[in-house]
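Right, one structure below, let's go through it.
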Amino acid sequence: MAANPMSQFDVYRIGPEIKVGAFDISFTNASLFMIISTVSILLIFNLGSKKNSILPNKIQLLAELSYTFVSKMISDTAGSKAKPYFAFIFSLFMFVLFCNMFGMIPYTFTVTSHIIVTFVLAAFIFIGVTVIGFIKHGFGYLKLFVPSGVPAVLLPLIVVIEIISYLSRPISLSVRLFANMMAGHTMMKVFGGFVISLGIVGGWLPLSFSVALTGLEILVAFLQAYVFAILTCIYLNDALNLHH
Amino acid sequence: MVKKIYLHLIFLSFFLIKEAFAAESGGMPQLNPEFWVSQIFWLVLTFGIMYLVLSKLILPKISNNLESRKSQILENIEAAEKQREDSETKLKEYDQIILKSKTEANSMFNQAREKAIKDINAKRDVLDKQIDEEISKAEEEIQALRDTAPDKINKIAIDTSSELLQKLIGAEVNNSSISAIVDDLSRRNGDKYYGN
């Protein structure tokens with residue numbers, strides 16, 4: 001029996017071992033849930049965009065509301081210049097959201113509870129944003145590290161702090177999502193374990209906690225996807241409209 | 001007592017968890033690099049395919065749907081506005097037509113009335129004239145009759161008296177003498193019989 005609350009994060013091979021050179025790219029439960037998430041996203045949005053009726057049906061409404069939600073989020077935080085990156089941020093938000101939400105179903109695997117997944121996403125965003133910044137502003141993008149209106153004495157310190165904060169972006173972005181997911185799921189598992197170990201007499205209290213935690217975790221799953229997407233928008237905004 | 005058992009059990013389960021942690025070789029499975037490459041590979045593959053399909057096929061369709069709905073709704077609103085304006089102008093036209101026909105009817109009625117009054121007046125004039133004529137004719141006739149009446153009465157009186165005398169006395173009486181007497185009588189009693 002999986003009494004260990006961390007065993008839910010175990011990655012295991014499904015099917016044969018696939019090796020490309022020295023790299024093991026076997027199909028795992030993580031890959032399975034990535035595929036499930038992406039396929040369900042594509043299915044839902046394909047269904048939601050198939051028919052164009054003046055009075056949308058439920059799935060069309062869902063697709064269009066998500067579209068306008070993300071579109072509004074981008075235009076609010078990064079302005080109209082971020083339009084070309086809409087599809088990426090939309091995919092990102094939906095991917096993280098669906099992975100988080102699928103993780104809420106018992107006996108599933110949470111893709112985003114693995115630091116390597118979130119770190120790859122965050123690193124890609126970080127590199128992409130930096131490249132966009134340098135393309136748009138050239139070396140002027142380095143002005144991002146020199147805030148205006150800072151006394152000259154403090155400037156060296158501020159610049160160092162700014163550079164560190166900039167470089168820590170991918171780490172904070174990835175760790176935030178991964179840690180939230182892992183902590184929430186671990187906590188649920190721990191409380192679930194309490195229900196079993198306390199039995200019929202004392203199990204009700206952790207059970208009610210578990211119920212409340214499920215609601216909280218669903219909220220967190222949405223919130224973290226939102227935060228991930230909106231922070232990407234904010235970084236993009238820095239690269240597109242140099243404010244400093 | 002129950003509380004104590006409860007706390008004890010919680011402590012026990014923590015202990016069990018710790019035990020299980022200790023039993024696990026790697027601790028956090030996330031930090032085990034065994035499947036990192038696999039996860040990166042599948043993440044890039046699935047996310048990449050999803051991004052491509054969403055950005056090339058699905059999102060343009062959704063945006064198109066939204067745009068077309070927006071424009072269609074705007075068009076419908078415009079059409080409705082136009083129709084309302086049309087109906088308003090038509091209503092105005094209708095009002096004007098009604099007003100016009102009303103005044104026309106009024107004038108027609110007035111004309112007809114005037115004409116009728118004129119006709120009536122003309123006819124009355126004609127009739128008045130006719131009546132006047134007939135009255136004057138009748139008056140003339142009456143006058144003539146009145147003028148001729150005393151002579152006729154005198155003659156009747158003379159004839160009657162002569163026949164009466166003849167029957168009474170059996171002798172022929174001279175008509176001229178009788179007429180002289182009747183004339184005399186009628187002159188004396190004329191006022192009594194004829195009034196004026």
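Residues are referred to by chain and number: the chain letter is A, B, ... according to the order shown in the structure tokens, the number counts from 1 in that chain, and ligands are numbered separately from 1 in the order shown.
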
List as number ranges by chain the protein and nucleic acid residues near A:Leu32, meaning an atom at most 12 Å away when only C-alpha atoms are counted, but skip any in the same chain fewer than 6 places from it.
A: 11-15, 26, 38-39, 99, 102, 108-111; B: 38-39, 42-43, 46

Prev. selection, N, CA and C atoms, output as an mmCIF file, in the first residue's frame:
data_model
loop_
_atom_site.group_PDB
_atom_site.id
_atom_site.type_symbol
_atom_site.label_atom_id
_atom_site.label_comp_id
_atom_site.auth_asym_id
_atom_site.auth_seq_id
_atom_site.Cartn_x
_atom_site.Cartn_y
_atom_site.Cartn_z
ATOM 1 N N VAL A 11 7.700 8.537 -10.993
ATOM 2 C CA VAL A 11 7.580 8.381 -12.443
ATOM 3 C C VAL A 11 7.992 6.967 -12.767
ATOM 4 N N TYR A 12 7.174 6.284 -13.528
ATOM 5 C CA TYR A 12 7.562 4.916 -13.913
ATOM 6 C C TYR A 12 7.287 4.706 -15.396
ATOM 7 N N ARG A 13 8.009 3.775 -15.921
ATOM 8 C CA ARG A 13 7.950 3.492 -17.342
ATOM 9 C C ARG A 13 6.651 2.786 -17.687
ATOM 10 N N ILE A 14 6.035 3.170 -18.768
ATOM 11 C CA ILE A 14 4.900 2.406 -19.296
ATOM 12 C C ILE A 14 5.362 1.847 -20.633
ATOM 13 N N GLY A 15 5.372 0.553 -20.742
ATOM 14 C CA GLY A 15 5.837 -0.062 -21.983
ATOM 15 C C GLY A 15 7.348 -0.209 -21.987
ATOM 16 N N SER A 26 11.849 6.995 -22.581
ATOM 17 C CA SER A 26 10.753 6.026 -22.462
ATOM 18 C C SER A 26 9.432 6.733 -22.190
ATOM 19 N N THR A 38 -2.965 17.472 -23.227
ATOM 20 C CA THR A 38 -2.946 18.176 -24.515
ATOM 21 C C THR A 38 -4.092 17.706 -25.398
ATOM 22 N N VAL A 39 -4.353 16.388 -25.374
ATOM 23 C CA VAL A 39 -5.431 15.881 -26.226
ATOM 24 C C VAL A 39 -6.772 16.444 -25.769
ATOM 25 N N CYS A 99 -2.998 20.257 -16.703
ATOM 26 C CA CYS A 99 -2.137 19.331 -15.955
ATOM 27 C C CYS A 99 -2.462 19.406 -14.475
ATOM 28 N N PHE A 102 -5.994 17.805 -13.922
ATOM 29 C CA PHE A 102 -5.984 16.340 -14.021
ATOM 30 C C PHE A 102 -5.342 15.722 -12.785
ATOM 31 N N THR A 108 -4.338 9.871 -10.315
ATOM 32 C CA THR A 108 -3.682 10.412 -11.498
ATOM 33 C C THR A 108 -2.305 10.927 -11.113
ATOM 34 N N PHE A 109 -1.596 11.369 -12.124
ATOM 35 C CA PHE A 109 -0.259 11.891 -11.930
ATOM 36 C C PHE A 109 -0.266 13.371 -12.288
ATOM 37 N N THR A 110 0.375 14.189 -11.443
ATOM 38 C CA THR A 110 0.397 15.628 -11.694
ATOM 39 C C THR A 110 1.704 15.986 -12.395
ATOM 40 N N VAL A 111 1.579 16.301 -13.662
ATOM 41 C CA VAL A 111 2.771 16.593 -14.468
ATOM 42 C C VAL A 111 3.522 17.792 -13.907
ATOM 43 N N SER B 38 13.414 12.013 -20.373
ATOM 44 C CA SER B 38 12.141 11.539 -20.919
ATOM 45 C C SER B 38 11.050 12.594 -20.732
ATOM 46 N N GLN B 39 11.011 13.182 -19.522
ATOM 47 C CA GLN B 39 9.981 14.196 -19.266
ATOM 48 C C GLN B 39 10.167 15.415 -20.166
ATOM 49 N N TRP B 42 9.090 14.451 -23.736
ATOM 50 C CA TRP B 42 7.634 14.367 -23.940
ATOM 51 C C TRP B 42 6.952 15.709 -23.745
ATOM 52 N N LEU B 43 7.495 16.512 -22.826
ATOM 53 C CA LEU B 43 6.933 17.858 -22.638
ATOM 54 C C LEU B 43 7.082 18.669 -23.912
ATOM 55 N N THR B 46 4.688 17.103 -26.671
ATOM 56 C CA THR B 46 3.243 17.337 -26.518
ATOM 57 C C THR B 46 2.920 18.822 -26.549
#

Just need the residues of chain A within 7 Å of chain B, counting only C-alpha atoms, so spit them out as a ChimeraX atom specification.
/A:4,6,9-10,23-26,30-31,34-35,38,42,45-46,49,52,54,64,87-88,91,114-117,194,197-198,202

Write out as a VMD selection string which residues come within 12 Å of A:Ile59 when counting only C-alpha atoms, dropping same-chain ones fewer than 3 positions away.
(chain A and resid 41 43 to 53 55 to 56 62 to 66) or (chain B and resid 62)

Writing out the chosen residues with C-alpha atoms as a PDB file, in the first residue's frame:
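As a result, selection.pdb now contains:
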ATOM      1  CA  ILE A  41      -7.296  20.700 -24.601  1.00  0.00           C
ATOM      2  CA  LEU A  43     -10.515  18.240 -28.233  1.00  0.00           C
ATOM      3  CA  ILE A  44     -12.353  20.817 -26.179  1.00  0.00           C
ATOM      4  CA  PHE A  45     -11.131  23.759 -28.204  1.00  0.00           C
ATOM      5  CA  ASN A  46     -11.641  21.984 -31.473  1.00  0.00           C
ATOM      6  CA  LEU A  47     -15.236  21.224 -30.522  1.00  0.00           C
ATOM      7  CA  GLY A  48     -15.626  24.756 -29.238  1.00  0.00           C
ATOM      8  CA  SER A  49     -14.502  26.306 -32.499  1.00  0.00           C
ATOM      9  CA  LYS A  50     -16.192  23.982 -34.983  1.00  0.00           C
ATOM     10  CA  LYS A  51     -19.570  25.575 -35.252  1.00  0.00           C
ATOM     11  CA  ASN A  52     -20.073  29.281 -35.293  1.00  0.00           C
ATOM     12  CA  SER A  53     -23.561  29.947 -34.095  1.00  0.00           C
ATOM     13  CA  LEU A  55     -25.986  31.712 -29.777  1.00  0.00           C
ATOM     14  CA  PRO A  56     -23.010  29.582 -28.658  1.00  0.00           C
ATOM     15  CA  LEU A  62     -16.248  27.628 -22.781  1.00  0.00           C
ATOM     16  CA  ALA A  63     -13.731  27.957 -25.606  1.00  0.00           C
ATOM     17  CA  GLU A  64     -14.652  31.558 -26.308  1.00  0.00           C
ATOM     18  CA  LEU A  65     -14.668  32.577 -22.666  1.00  0.00           C
ATOM     19  CA  SER A  66     -11.199  31.061 -22.223  1.00  0.00           C
TER      20      SER A  66
ATOM     21  CA  ILE B  62     -12.157  31.020 -32.417  1.00  0.00           C
TER      22      ILE B  62
END

Suppose you want the space between atom CA of B:Ile178 and atom CA of B:Ile153; what is it in Å?
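Taking atom CA of B:Ile178 as the start and atom CA of B:Ile153 as the end point, the length is 13.5 Å.
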